[in-house]
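*Asks:* Here you go, coords_13.cif (mmCIF, C-alpha atoms):
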data_input
loop_
_atom_site.label_atom_id
_atom_site.label_comp_id
_atom_site.auth_asym_id
_atom_site.auth_seq_id
_atom_site.Cartn_x
_atom_site.Cartn_y
_atom_site.Cartn_z
CA MET A 1 -21.01 -25.43 23.72
CA LEU A 2 -22.15 -22.61 21.46
CA ALA A 3 -25.13 -24.65 20.44
CA ALA A 4 -26.05 -25.45 24.04
CA THR A 5 -25.86 -21.81 25.09
CA ALA A 6 -27.96 -20.72 22.13
CA LEU A 7 -30.53 -23.37 22.91
CA SER A 8 -30.86 -22.29 26.52
CA VAL A 9 -31.62 -18.78 25.29
CA VAL A 10 -34.77 -20.17 23.70
CA PHE A 11 -36.07 -21.73 26.88
CA MET A 12 -35.28 -18.99 29.36
CA ARG A 13 -38.02 -16.53 30.14
CA ASP A 14 -36.05 -14.22 32.37
CA LEU A 15 -34.67 -11.63 30.00
CA PHE A 16 -31.80 -10.79 32.34
CA THR A 17 -30.58 -14.38 32.17
CA ILE A 18 -30.94 -14.33 28.41
CA VAL A 19 -28.77 -11.25 28.08
CA MET A 20 -26.10 -12.75 30.32
CA LEU A 21 -26.20 -16.00 28.35
CA PHE A 22 -25.83 -14.02 25.18
CA GLY A 23 -22.66 -12.46 26.61
CA ILE A 24 -21.29 -15.93 27.28
CA TYR A 25 -22.28 -16.97 23.78
CA SER A 26 -20.32 -14.06 22.30
CA LEU A 27 -17.26 -14.86 24.36
CA LEU A 28 -17.40 -18.49 23.23
CA SER A 29 -17.63 -17.47 19.61
CA ALA A 30 -14.63 -15.17 20.13
CA GLY A 31 -12.70 -18.22 21.29
CA PHE A 32 -13.86 -20.07 18.21
CA PHE A 33 -12.58 -17.26 15.99
CA VAL A 34 -9.12 -17.53 17.55
CA ASP A 35 -9.16 -21.21 16.76
CA MET A 36 -10.03 -20.37 13.16
CA ASP A 37 -6.98 -18.01 12.94
CA ALA A 38 -9.16 -14.92 12.81
CA VAL A 39 -7.44 -13.01 15.60
CA ASP A 40 -8.66 -9.58 14.52
CA VAL A 41 -12.22 -10.79 14.41
CA ALA A 42 -11.93 -12.48 17.81
CA LEU A 43 -10.67 -9.26 19.37
CA THR A 44 -13.62 -7.37 17.96
CA GLU A 45 -16.18 -9.98 18.95
CA ALA A 46 -14.86 -10.17 22.52
CA ALA A 47 -14.99 -6.41 22.94
CA VAL A 48 -18.26 -5.84 21.11
CA GLY A 49 -20.36 -8.93 21.71
CA ALA A 50 -19.37 -9.77 25.25
CA GLY A 51 -18.89 -6.17 26.38
CA VAL A 52 -20.77 -3.42 24.65
CA THR A 53 -23.81 -5.32 23.33
CA THR A 54 -24.43 -6.84 26.74
CA MET A 55 -24.24 -3.43 28.40
CA LEU A 56 -26.66 -1.93 25.89
CA MET A 57 -29.12 -4.77 26.32
CA LEU A 58 -28.95 -4.38 30.09
CA GLY A 59 -29.59 -0.68 29.62
CA THR A 60 -32.69 -1.50 27.59
CA LEU A 61 -33.87 -3.98 30.19
CA ALA A 62 -33.59 -1.33 32.86
CA LEU A 63 -35.82 0.92 30.75
CA THR A 64 -38.37 -1.74 29.87
CA SER A 65 -39.29 -4.92 31.68
CA ARG A 66 -37.28 -7.81 32.90
CA LYS A 67 -39.65 -10.71 32.43
CA GLU A 68 -40.98 -12.11 29.25
CA LYS A 69 -44.74 -12.37 29.51
CA ALA A 70 -45.57 -15.75 30.99
CA HIS A 71 -48.79 -16.52 29.15
CA ARG A 72 -48.41 -18.15 25.77
CA LYS A 73 -50.80 -19.19 23.11
CA PRO A 74 -51.07 -22.95 22.76
CA ALA A 75 -47.63 -23.65 21.38
CA SER A 76 -47.89 -23.49 17.62
CA MET A 77 -45.97 -26.09 15.67
CA LEU A 78 -45.75 -23.92 12.58
CA PRO A 79 -42.55 -21.99 13.47
CA LEU A 80 -40.82 -25.18 14.55
CA ALA A 81 -41.81 -26.91 11.31
CA VAL A 82 -40.63 -23.99 9.18
CA VAL A 83 -37.32 -23.92 11.02
CA THR A 84 -36.77 -27.67 10.78
CA ILE A 85 -37.52 -27.80 7.06
CA THR A 86 -35.29 -24.79 6.32
CA GLY A 87 -32.52 -26.35 8.39
CA LEU A 88 -32.73 -29.66 6.57
CA VAL A 89 -32.64 -27.98 3.17
CA LEU A 90 -29.58 -25.99 4.24
CA ILE A 91 -27.84 -29.12 5.54
CA TYR A 92 -28.53 -30.78 2.20
CA GLY A 93 -26.87 -27.74 0.63
CA THR A 94 -23.71 -28.16 2.72
CA LEU A 95 -23.06 -31.58 1.20
CA ASP A 96 -21.54 -29.77 -1.76
CA MET A 97 -19.44 -27.44 0.40
CA PRO A 98 -15.67 -27.86 0.53
CA TYR A 99 -14.46 -29.45 3.75
CA LEU A 100 -13.11 -27.34 6.58
CA GLY A 101 -9.55 -26.17 5.95
CA ASP A 102 -9.43 -27.32 2.34
CA PRO A 103 -6.82 -25.07 0.67
CA GLU A 104 -8.37 -25.76 -2.75
CA ALA A 105 -11.75 -24.30 -1.79
CA PRO A 106 -13.12 -21.68 -4.20
CA VAL A 107 -12.89 -18.93 -1.53
CA HIS A 108 -9.13 -19.16 -1.59
CA GLN A 109 -8.77 -18.93 -5.37
CA HIS A 110 -9.90 -15.43 -6.26
CA VAL A 111 -8.28 -12.27 -4.86
CA ALA A 112 -7.04 -13.71 -1.59
CA PRO A 113 -3.72 -15.11 -2.90
CA ARG A 114 -2.87 -11.71 -4.31
CA TYR A 115 -3.48 -10.06 -0.95
CA ILE A 116 -1.30 -12.62 0.78
CA GLU A 117 1.54 -12.57 -1.74
CA GLN A 118 1.74 -8.93 -2.72
CA SER A 119 0.29 -6.83 0.06
CA TYR A 120 3.66 -6.56 1.81
CA ASP A 121 5.32 -5.15 -1.30
CA GLU A 122 2.46 -2.82 -2.08
CA ILE A 123 1.42 -1.68 1.38
CA GLY A 124 4.38 -2.58 3.57
CA LEU A 125 2.36 -3.84 6.54
CA PRO A 126 2.59 -7.32 8.02
CA ASN A 127 -1.06 -7.47 9.10
CA ILE A 128 -2.89 -8.36 5.90
CA VAL A 129 -6.27 -7.75 7.49
CA THR A 130 -5.33 -4.13 8.12
CA SER A 131 -3.99 -3.72 4.58
CA VAL A 132 -7.17 -5.04 3.04
CA LEU A 133 -9.44 -3.18 5.44
CA ALA A 134 -7.89 0.25 5.17
CA SER A 135 -6.32 0.26 1.74
CA TYR A 136 -7.57 -2.26 -0.82
CA ARG A 137 -11.14 -2.05 0.39
CA GLY A 138 -10.96 1.42 1.90
CA PHE A 139 -14.08 2.51 0.11
CA ASP A 140 -16.17 -0.26 1.69
CA THR A 141 -14.78 0.61 5.08
CA LEU A 142 -15.71 4.26 4.56
CA GLY A 143 -19.24 3.11 3.83
CA GLU A 144 -19.33 1.05 7.00
CA VAL A 145 -18.11 3.96 9.10
CA VAL A 146 -20.91 6.04 7.64
CA VAL A 147 -23.40 3.29 8.58
CA ILE A 148 -22.14 3.37 12.17
CA PHE A 149 -22.34 7.16 12.15
CA THR A 150 -25.92 6.98 10.86
CA ALA A 151 -26.91 4.44 13.51
CA GLY A 152 -25.47 6.77 16.14
CA LEU A 153 -27.51 9.63 14.73
CA GLY A 154 -30.60 7.41 14.75
CA VAL A 155 -30.21 6.58 18.42
CA LEU A 156 -29.69 10.26 19.22
CA THR A 157 -32.86 11.12 17.34
CA LEU A 158 -34.96 8.37 18.91
CA LEU A 159 -33.86 8.76 22.49
CA GLY A 160 -33.71 12.53 22.42
CA LEU A 161 -30.66 14.72 22.60
CA SER A 162 -30.49 14.40 26.34
CA GLY A 163 -27.31 16.43 26.56
CA ASP A 164 -29.09 19.63 25.64
CA SER A 165 -31.20 19.99 28.75
CA PRO A 166 -29.39 19.52 32.04
CA HIS A 167 -31.20 16.41 33.29
CA ARG A 168 -31.61 15.94 36.99
CA ALA A 169 -28.43 14.89 38.73
CA ARG A 170 -28.72 11.26 39.76
CA PRO A 171 -26.66 9.58 42.40
CA ALA A 172 -24.22 7.11 40.93
CA ALA A 173 -25.53 3.64 41.55
CA MET A 174 -22.18 2.15 42.39
CA ALA A 175 -20.39 5.04 44.00
CA HIS A 176 -20.57 3.58 47.48
CA HIS A 177 -18.73 0.39 46.57
CA LEU A 178 -15.21 1.21 47.68
CA VAL A 179 -13.61 -1.85 46.08
CA LEU A 180 -15.22 -1.16 42.73
CA ARG A 181 -14.18 2.48 42.85
CA VAL A 182 -10.55 1.77 43.62
CA ILE A 183 -10.23 -1.03 41.08
CA THR A 184 -11.91 1.01 38.38
CA ARG A 185 -9.59 3.93 39.00
CA ALA A 186 -6.64 1.62 38.52
CA LEU A 187 -8.09 -0.18 35.52
CA ILE A 188 -9.34 2.65 33.36
CA PRO A 189 -5.94 4.16 32.47
CA LEU A 190 -4.70 0.69 31.58
CA ILE A 191 -7.72 0.07 29.35
CA LEU A 192 -7.23 3.44 27.67
CA ILE A 193 -3.55 2.78 27.02
CA TYR A 194 -4.40 -0.67 25.70
CA ALA A 195 -6.95 0.90 23.36
CA LEU A 196 -4.33 3.31 22.04
CA TYR A 197 -1.91 0.43 21.56
CA ILE A 198 -4.54 -1.47 19.60
CA GLN A 199 -5.24 1.65 17.58
CA PHE A 200 -1.70 2.40 16.50
CA HIS A 201 -0.19 -1.07 16.54
CA GLY A 202 -2.98 -2.46 14.34
CA ASP A 203 -0.64 -2.28 11.37
CA TYR A 204 1.68 -4.88 12.83
CA GLY A 205 -0.39 -7.06 15.12
CA PRO A 206 -4.09 -7.72 15.43
CA GLY A 207 -6.03 -4.55 16.02
CA GLY A 208 -7.11 -1.34 14.36
CA GLY A 209 -9.57 1.47 14.58
CA PHE A 210 -12.72 -0.62 15.03
CA GLN A 211 -11.40 -2.63 17.97
CA ALA A 212 -9.67 0.35 19.58
CA GLY A 213 -12.82 2.42 19.33
CA VAL A 214 -14.89 -0.24 21.05
CA ILE A 215 -12.33 -0.76 23.83
CA PHE A 216 -11.98 2.97 24.38
CA GLY A 217 -15.74 3.25 24.54
CA ALA A 218 -15.90 0.35 27.02
CA ALA A 219 -13.51 2.16 29.36
CA ILE A 220 -15.74 5.22 29.43
CA ILE A 221 -18.83 3.02 29.90
CA LEU A 222 -17.14 1.41 32.90
CA TYR A 223 -16.46 4.86 34.32
CA THR A 224 -20.09 5.84 33.79
CA LEU A 225 -21.32 2.71 35.53
CA ILE A 226 -19.25 3.30 38.61
CA PHE A 227 -19.20 7.06 38.95
CA GLY A 228 -22.53 7.99 37.40
CA LEU A 229 -23.61 9.72 34.23
CA THR A 230 -23.29 13.24 35.57
CA LYS A 231 -19.62 12.84 36.33
CA ALA A 232 -18.94 11.03 33.07
CA GLU A 233 -20.55 13.80 31.09
CA ARG A 234 -18.27 16.23 32.84
CA VAL A 235 -15.30 14.20 31.57
CA ILE A 236 -16.59 13.98 28.01
CA ALA A 237 -19.30 16.42 27.04
CA PRO A 238 -22.08 14.93 24.87
CA LEU A 239 -21.77 17.84 22.49
CA PHE A 240 -18.07 17.07 22.04
CA LEU A 241 -18.98 13.45 21.29
CA ARG A 242 -21.38 14.57 18.61
CA TYR A 243 -18.68 16.62 16.94
CA MET A 244 -16.29 13.67 17.19
CA MET A 245 -18.78 11.35 15.48
CA GLY A 246 -18.74 13.59 12.45
CA ALA A 247 -15.03 14.35 12.71
CA GLY A 248 -14.04 10.69 12.34
CA VAL A 249 -15.98 10.31 9.11
CA LEU A 250 -14.49 13.57 7.86
CA ILE A 251 -10.93 12.44 8.67
CA PHE A 252 -11.53 9.26 6.70
CA ALA A 253 -13.13 10.96 3.72
CA GLY A 254 -10.68 13.86 3.95
CA THR A 255 -7.76 11.48 3.55
CA GLY A 256 -9.42 10.19 0.41
CA VAL A 257 -9.96 13.69 -0.95
CA LEU A 258 -6.37 14.63 -0.13
CA ALA A 259 -5.16 11.70 -2.22
CA LEU A 260 -7.48 12.91 -4.96
CA LEU A 261 -6.01 16.41 -4.82
CA LEU A 262 -2.47 15.08 -4.88
CA GLY A 263 -3.13 13.37 -8.20
CA GLY A 264 -4.31 9.88 -7.28
CA ASN A 265 -7.70 8.24 -7.07
CA PHE A 266 -10.03 8.63 -4.12
CA LEU A 267 -8.43 6.85 -1.12
CA ASP A 268 -5.33 6.02 -3.18
CA TYR A 269 -2.69 6.55 -0.49
CA ASP A 270 0.29 6.10 -2.83
CA TYR A 271 0.23 9.82 -3.52
CA LEU A 272 0.25 11.01 0.07
CA ALA A 273 4.04 10.93 0.27
CA HIS A 274 6.92 10.79 -2.16
CA ASP A 275 7.36 7.09 -1.57
CA PRO A 276 4.21 5.01 -2.18
CA LEU A 277 4.96 2.78 0.81
CA HIS A 278 5.20 5.78 3.14
CA GLY A 279 2.06 7.16 1.60
CA GLN A 280 0.25 3.93 2.36
CA HIS A 281 1.50 4.11 5.95
CA TYR A 282 0.26 7.66 6.48
CA GLY A 283 -3.01 6.91 4.74
CA ILE A 284 -3.76 3.82 6.78
CA LEU A 285 -2.84 5.54 10.05
CA ALA A 286 -5.11 8.47 9.25
CA VAL A 287 -7.98 6.29 8.13
CA GLU A 288 -7.76 3.97 11.12
CA PHE A 289 -7.68 7.02 13.36
CA GLY A 290 -10.85 8.30 11.73
CA VAL A 291 -12.53 4.93 12.23
CA GLY A 292 -11.45 4.84 15.87
CA VAL A 293 -12.75 8.32 16.58
CA THR A 294 -16.16 7.67 15.06
CA VAL A 295 -16.63 4.27 16.69
CA THR A 296 -15.63 5.58 20.12
CA ALA A 297 -17.89 8.60 19.90
CA VAL A 298 -20.88 6.62 18.63
CA ILE A 299 -20.57 3.91 21.28
CA ILE A 300 -20.21 6.35 24.14
CA SER A 301 -23.00 8.62 23.02
CA ILE A 302 -25.34 5.66 22.46
CA PHE A 303 -24.63 4.52 25.99
CA PHE A 304 -25.06 8.00 27.46
CA ASN A 305 -28.43 8.25 25.79
CA PHE A 306 -29.60 4.90 27.12
CA THR A 307 -28.47 5.78 30.62
CA GLY A 308 -29.76 9.33 30.52
CA ARG A 309 -33.18 8.02 29.60
CA GLY A 310 -33.73 6.06 32.79
CA ASP A 311 -35.61 7.66 35.65
CA GLN A 312 -34.20 5.68 38.50
CA PRO A 313 -30.61 4.54 38.80
CA LYS A 314 -30.43 1.04 37.47
CA GLU A 315 -29.09 -1.94 39.26
CA GLU A 316 -26.36 -3.69 37.36
CA GLU A 317 -23.55 -5.78 38.57
CA ARG A 318 -20.12 -5.53 36.97
CA MET B 1 -11.36 -36.30 6.18
CA SER B 2 -14.76 -37.82 6.70
CA THR B 3 -17.91 -36.00 5.71
CA THR B 4 -19.01 -35.56 9.30
CA LEU B 5 -15.79 -33.92 10.44
CA GLY B 6 -15.37 -31.83 7.32
CA LEU B 7 -18.84 -30.38 7.40
CA TYR B 8 -19.37 -30.30 11.17
CA ASN B 9 -18.81 -26.53 11.38
CA TYR B 10 -21.39 -25.80 8.72
CA TRP B 11 -23.94 -27.91 10.54
CA ILE B 12 -23.34 -26.02 13.76
CA VAL B 13 -23.76 -22.80 11.79
CA ILE B 14 -27.07 -24.01 10.40
CA PHE B 15 -28.22 -25.13 13.83
CA LEU B 16 -27.40 -21.72 15.35
CA MET B 17 -29.01 -19.95 12.43
CA MET B 18 -32.20 -21.95 12.87
CA VAL B 19 -32.24 -21.33 16.63
CA GLY B 20 -32.00 -17.61 15.98
CA PHE B 21 -34.66 -17.84 13.27
CA TYR B 22 -36.96 -19.76 15.60
CA VAL B 23 -36.59 -17.17 18.35
CA VAL B 24 -37.42 -14.40 15.90
CA ILE B 25 -40.57 -15.98 14.48
CA ALA B 26 -41.90 -17.81 17.53
CA HIS B 27 -41.44 -15.31 20.35
CA GLY B 28 -43.42 -12.16 20.92
CA ASN B 29 -41.02 -10.34 23.19
CA LEU B 30 -39.15 -7.69 21.23
CA ILE B 31 -35.89 -7.90 23.21
CA LYS B 32 -35.85 -11.65 22.75
CA LYS B 33 -36.35 -11.16 19.05
CA ILE B 34 -33.27 -8.91 18.98
CA VAL B 35 -31.23 -11.56 20.81
CA GLY B 36 -32.48 -14.07 18.23
CA LEU B 37 -31.40 -11.82 15.39
CA ASN B 38 -27.99 -11.48 17.00
CA ILE B 39 -27.61 -15.26 17.24
CA PHE B 40 -28.53 -15.49 13.58
CA GLN B 41 -25.98 -12.80 12.81
CA THR B 42 -23.22 -14.57 14.73
CA SER B 43 -23.95 -17.78 12.85
CA VAL B 44 -23.28 -15.93 9.60
CA PHE B 45 -20.01 -14.64 11.07
CA ILE B 46 -19.01 -18.20 11.94
CA LEU B 47 -19.92 -19.36 8.43
CA TYR B 48 -17.59 -16.78 6.85
CA ILE B 49 -14.73 -17.39 9.26
CA THR B 50 -15.04 -21.14 8.73
CA MET B 51 -14.73 -20.68 4.99
CA GLY B 52 -11.59 -18.57 5.49
CA LYS B 53 -9.77 -21.26 7.44
CA VAL B 54 -6.94 -23.10 5.72
CA ALA B 55 -5.65 -26.30 7.30
CA ASP B 56 -2.27 -25.66 8.98
CA GLY B 57 -2.58 -22.00 8.04
CA ALA B 58 -1.52 -19.26 10.44
CA ALA B 59 -3.27 -16.02 11.32
CA PRO B 60 -2.84 -13.61 8.39
CA ILE B 61 -0.01 -11.55 9.87
CA LEU B 62 3.04 -11.85 7.66
CA ASP B 63 6.03 -13.56 9.18
CA ASP B 64 9.07 -15.14 7.61
CA SER B 65 8.67 -18.42 9.44
CA VAL B 66 5.15 -19.03 8.16
CA THR B 67 4.31 -20.40 4.73
CA SER B 68 0.55 -20.80 4.76
CA TYR B 69 -2.00 -18.25 5.92
CA SER B 70 -5.72 -18.34 6.43
CA ASN B 71 -7.75 -16.23 4.03
CA PRO B 72 -7.74 -12.60 5.29
CA LEU B 73 -10.68 -11.42 3.20
CA PRO B 74 -13.51 -12.99 5.25
CA HIS B 75 -11.84 -11.64 8.39
CA VAL B 76 -12.03 -8.10 7.05
CA LEU B 77 -15.67 -8.47 6.07
CA ILE B 78 -16.71 -9.92 9.41
CA LEU B 79 -14.62 -7.51 11.47
CA THR B 80 -16.52 -4.55 10.13
CA ALA B 81 -19.81 -6.46 10.17
CA ILE B 82 -19.50 -7.02 13.92
CA VAL B 83 -19.09 -3.33 14.66
CA VAL B 84 -21.84 -2.36 12.25
CA GLY B 85 -23.93 -5.06 13.93
CA VAL B 86 -23.59 -3.50 17.36
CA ALA B 87 -24.51 -0.11 15.96
CA THR B 88 -27.67 -1.44 14.33
CA THR B 89 -28.52 -3.45 17.46
CA ALA B 90 -28.27 -0.26 19.45
CA LEU B 91 -30.64 1.38 17.01
CA ALA B 92 -33.12 -1.49 17.39
CA LEU B 93 -32.89 -1.32 21.18
CA ALA B 94 -33.50 2.43 21.06
CA LEU B 95 -36.63 1.78 19.01
CA ILE B 96 -37.77 -0.75 21.62
CA VAL B 97 -37.29 1.80 24.40
CA ARG B 98 -39.44 4.27 22.48
CA ILE B 99 -42.10 1.58 21.84
CA LYS B 100 -42.17 0.80 25.54
CA GLU B 101 -42.69 4.48 26.31
CA GLU B 102 -45.54 4.80 23.83
CA TYR B 103 -47.34 1.49 24.40
CA GLY B 104 -46.21 0.50 27.88
CA THR B 105 -45.31 -3.00 26.71
CA ILE B 106 -42.76 -4.81 24.58
CA GLU B 107 -44.92 -7.83 23.78
CA GLU B 108 -45.91 -7.99 20.15
CA ASP B 109 -49.52 -9.21 20.60
CA GLU B 110 -50.29 -6.55 23.21
CA ILE B 111 -49.03 -3.88 20.82
CA HIS B 112 -51.25 -5.26 18.06
CA SER B 113 -54.34 -5.34 20.25
CA GLN B 114 -53.70 -1.74 21.32
CA ASP B 115 -53.39 -0.75 17.68
CA GLU B 116 -56.68 -2.40 16.80
CA SER B 117 -58.60 -0.82 19.66
CA LEU B 118 -57.70 2.64 18.44
#
Using the file provided, produce a representation of the structure as structure tokens.
*Replies:*
Amino acid sequence: MLAATALSVVFMRDLFTIVMLFGIYSLLSAGFFVDMDAVDVALTEAAVGAGVTTMLMLGTLALTSRKEKAHRKPASMLPLAVVTITGLVLIYGTLDMPYLGDPEAPVHQHVAPRYIEQSYDEIGLPNIVTSVLASYRGFDTLGEVVVIFTAGLGVLTLLGLSGDSPHRARPAAMAHHLVLRVITRALIPLILIYALYIQFHGDYGPGGGFQAGVIFGAAIILYTLIFGLTKAERVIAPLFLRYMMGAGVLIFAGTGVLALLLGGNFLDYDYLAHDPLHGQHYGILAVEFGVGVTVTAVIISIFFNFTGRGDQPKEEER
Amino acid sequence: MSTTLGLYNYWIVIFLMMVGFYVVIAHGNLIKKIVGLNIFQTSVFILYITMGKVADGAAPILDDSVTSYSNPLPHVLILTAIVVGVATTALALALIVRIKEEYGTIEEDEIHSQDESL
């Protein structure tokens, strides 16, 4: 199914169809991740790939053109040949790969058993993914949050800091759809609560700052779509978002520095409380909160910038 | 387990990867290139998650009734990669919007011909 969807992307010329197909493709891969026991990843992929990426691509389409140019050079065989040869070489390479689900595979021999066996004693959280993400590999995660922060800054720079000048008030494209308005009103609080649940329950079930941030952002994006950018910016000021982008990174790094000041290493949460387990709890909560804040702020401000750029209200379903 | 079944996932990964690769090198439309890159990216995600799977393993959330878990490390890597991916995609799309404003097109060959006529 994944393969078929991907293939149809190649042959479609209508970019709108392509973007929709890509949403379906993401949702399918989220289902695949559940099958592969990667529940945290599936949650992220469903929220990001099927939700936010699709919205952003639609936003870009509204600002550019919808059709791929029809004329083509006489179809060159070179790309196809390159792709086929590379693919065959890679398939030859897989013949040495361990089979799917083999517990003896090299991936499972290195640090993973330690995480599985000892993370509960050292961190005290049942969700190993959260333990590894926020504690063992906290430094990597800090780096990734900074990458997201930088990408947010890049979009702000490229598309102009539209929040500074009061842009012309535009009528909300969807405001006259009564059904949409009522349903959205009912849905948004639920989505927000769900995002908070994901944020703070990530220690015990699937979830965490990344997923919560994306879901929180999606709720605001939904609000913007239905009620218009002007109203949405009255709810959350763009300037506030910009401060929040930085604040999340600072919360994360600040937790690390606090551990440093209390006598540990950078991001070593054992020293945050008298009991190392409690310290780990506080540390992970703080760090995940920082991640959530940055991701939310970046996603919303990226979307605001894309929407604020358009001259005419765009036509999007959903 | 037979070779076909055991390696089926990797072959799908390679197929998806090559589809994405093909879209990137063979198409001139910038948005389509980004979609191609995203397909390529997802295939890498699937590769990692496939490697993390353990037969009969459960999702890596500790529970007394479970004895075997899938490998949590690839999950962590891919989880963050997805979110970083959307951020970089947004950056690429923003660049495309700016290109459209400057050149009036998002087709690669038209951009090149405009550059040459300068």
*Asks:* Rounded to one decimal, what separation in Å do you get between atom CA of A:Val83 and atom CA of B:Met18?
*Replies:* 5.8 Å
*Asks:* So which one's closest to A:Val291, A:Val52, A:Ala46, A:Met244, A:Leu125? Using only C-alpha atoms, please.
*Replies:*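 When distances to A:Val291 are compared using only C-alpha atoms, the smallest one comes from A:Met244.
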*Asks:* Under the PyMOL selection byres ((chain A) within 6 of (chain B)), which residues of this model are included? Write them out as an mmCIF file with C-alpha atoms, in the frame of the given file.
*Replies:*
data_model
loop_
_atom_site.group_PDB
_atom_site.id
_atom_site.type_symbol
_atom_site.label_atom_id
_atom_site.label_comp_id
_atom_site.auth_asym_id
_atom_site.auth_seq_id
_atom_site.Cartn_x
_atom_site.Cartn_y
_atom_site.Cartn_z
ATOM 1 C CA MET A 36 -10.030 -20.370 13.160
ATOM 2 C CA ASP A 37 -6.980 -18.010 12.940
ATOM 3 C CA VAL A 41 -12.220 -10.790 14.410
ATOM 4 C CA PRO A 79 -42.550 -21.990 13.470
ATOM 5 C CA VAL A 83 -37.320 -23.920 11.020
ATOM 6 C CA TYR A 99 -14.460 -29.450 3.750
ATOM 7 C CA LEU A 100 -13.110 -27.340 6.580
ATOM 8 C CA GLY A 101 -9.550 -26.170 5.950
ATOM 9 C CA ASP A 102 -9.430 -27.320 2.340
ATOM 10 C CA PRO A 103 -6.820 -25.070 0.670
ATOM 11 C CA PRO A 126 2.590 -7.320 8.020
ATOM 12 C CA ASN A 127 -1.060 -7.470 9.100
ATOM 13 C CA ILE A 128 -2.890 -8.360 5.900
ATOM 14 C CA VAL A 129 -6.270 -7.750 7.490
ATOM 15 C CA LEU A 133 -9.440 -3.180 5.440
ATOM 16 C CA ILE A 148 -22.140 3.370 12.170
ATOM 17 C CA ALA A 151 -26.910 4.440 13.510
ATOM 18 C CA VAL A 155 -30.210 6.580 18.420
#
*Asks:* Rounded to one decimal in Å, what is the spacing between atom CA of A:Ala259 and atom CA of A:Gln118?
*Replies:* 21.8 Å
*Asks:* Evaluate the PyMOL selection byres ((chain A and resi 215) around 8) and record the selected residues as a PDB file with C-alpha atoms, keeping the file's coordinate frame, following the chain and residue labels used in the document.
*Replies:*
ATOM      1  CA  ALA A  47     -14.990  -6.410  22.940  1.00  0.00           C
ATOM      2  CA  ILE A 191      -7.720   0.070  29.350  1.00  0.00           C
ATOM      3  CA  LEU A 192      -7.230   3.440  27.670  1.00  0.00           C
ATOM      4  CA  ALA A 195      -6.950   0.900  23.360  1.00  0.00           C
ATOM      5  CA  GLN A 211     -11.400  -2.630  17.970  1.00  0.00           C
ATOM      6  CA  ALA A 212      -9.670   0.350  19.580  1.00  0.00           C
ATOM      7  CA  GLY A 213     -12.820   2.420  19.330  1.00  0.00           C
ATOM      8  CA  VAL A 214     -14.890  -0.240  21.050  1.00  0.00           C
ATOM      9  CA  PHE A 216     -11.980   2.970  24.380  1.00  0.00           C
ATOM     10  CA  GLY A 217     -15.740   3.250  24.540  1.00  0.00           C
ATOM     11  CA  ALA A 218     -15.900   0.350  27.020  1.00  0.00           C
ATOM     12  CA  ALA A 219     -13.510   2.160  29.360  1.00  0.00           C
TER      13      ALA A 219
END
*Asks:* Out of A:Phe149, A:Tyr136, A:Phe210, A:Tyr115, which residue has the shortest atom-to-atom distance to A:Gly246 when counting all atoms listed in the file?
*Replies:*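 Closest to A:Gly246, using all atoms listed in the file: A:Phe149.
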*Asks:* Starting from the sparse input, extend stretch 111-118 of chain B to N, CA, C and O atoms and give the output as a PDB file, keeping the file's coordinate frame.
*Replies:*
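Below is the file that was written, result-v1.pdb:
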ATOM      1  N   ILE B 111     -49.127  -5.062  21.677  1.00  0.00           N
ATOM      2  CA  ILE B 111     -49.030  -3.880  20.820  1.00  0.00           C
ATOM      3  C   ILE B 111     -50.082  -3.932  19.728  1.00  0.00           C
ATOM      4  O   ILE B 111     -50.772  -2.943  19.455  1.00  0.00           O
ATOM      5  N   HIS B 112     -50.254  -5.124  19.124  1.00  0.00           N
ATOM      6  CA  HIS B 112     -51.250  -5.260  18.060  1.00  0.00           C
ATOM      7  C   HIS B 112     -52.648  -4.971  18.586  1.00  0.00           C
ATOM      8  O   HIS B 112     -53.432  -4.260  17.947  1.00  0.00           O
ATOM      9  N   SER B 113     -52.985  -5.537  19.761  1.00  0.00           N
ATOM     10  CA  SER B 113     -54.340  -5.340  20.250  1.00  0.00           C
ATOM     11  C   SER B 113     -54.573  -3.867  20.595  1.00  0.00           C
ATOM     12  O   SER B 113     -55.678  -3.356  20.419  1.00  0.00           O
ATOM     13  N   GLN B 114     -53.541  -3.183  21.062  1.00  0.00           N
ATOM     14  CA  GLN B 114     -53.700  -1.740  21.320  1.00  0.00           C
ATOM     15  C   GLN B 114     -53.938  -0.979  20.031  1.00  0.00           C
ATOM     16  O   GLN B 114     -54.729  -0.051  19.973  1.00  0.00           O
ATOM     17  N   ASP B 115     -53.228  -1.412  18.968  1.00  0.00           N
ATOM     18  CA  ASP B 115     -53.390  -0.750  17.680  1.00  0.00           C
ATOM     19  C   ASP B 115     -54.821  -0.910  17.169  1.00  0.00           C
ATOM     20  O   ASP B 115     -55.406   0.020  16.622  1.00  0.00           O
ATOM     21  N   GLU B 116     -55.365  -2.138  17.351  1.00  0.00           N
ATOM     22  CA  GLU B 116     -56.680  -2.400  16.800  1.00  0.00           C
ATOM     23  C   GLU B 116     -57.776  -1.650  17.567  1.00  0.00           C
ATOM     24  O   GLU B 116     -58.781  -1.252  17.002  1.00  0.00           O
ATOM     25  N   SER B 117     -57.565  -1.476  18.867  1.00  0.00           N
ATOM     26  CA  SER B 117     -58.600  -0.820  19.660  1.00  0.00           C
ATOM     27  C   SER B 117     -58.640   0.680  19.425  1.00  0.00           C
ATOM     28  O   SER B 117     -59.514   1.355  19.948  1.00  0.00           O
ATOM     29  N   LEU B 118     -57.719   1.191  18.670  1.00  0.00           N
ATOM     30  CA  LEU B 118     -57.700   2.640  18.440  1.00  0.00           C
ATOM     31  C   LEU B 118     -58.864   3.066  17.540  1.00  0.00           C
ATOM     32  O   LEU B 118     -59.187   2.375  16.591  1.00  0.00           O
TER      33      LEU B 118
END
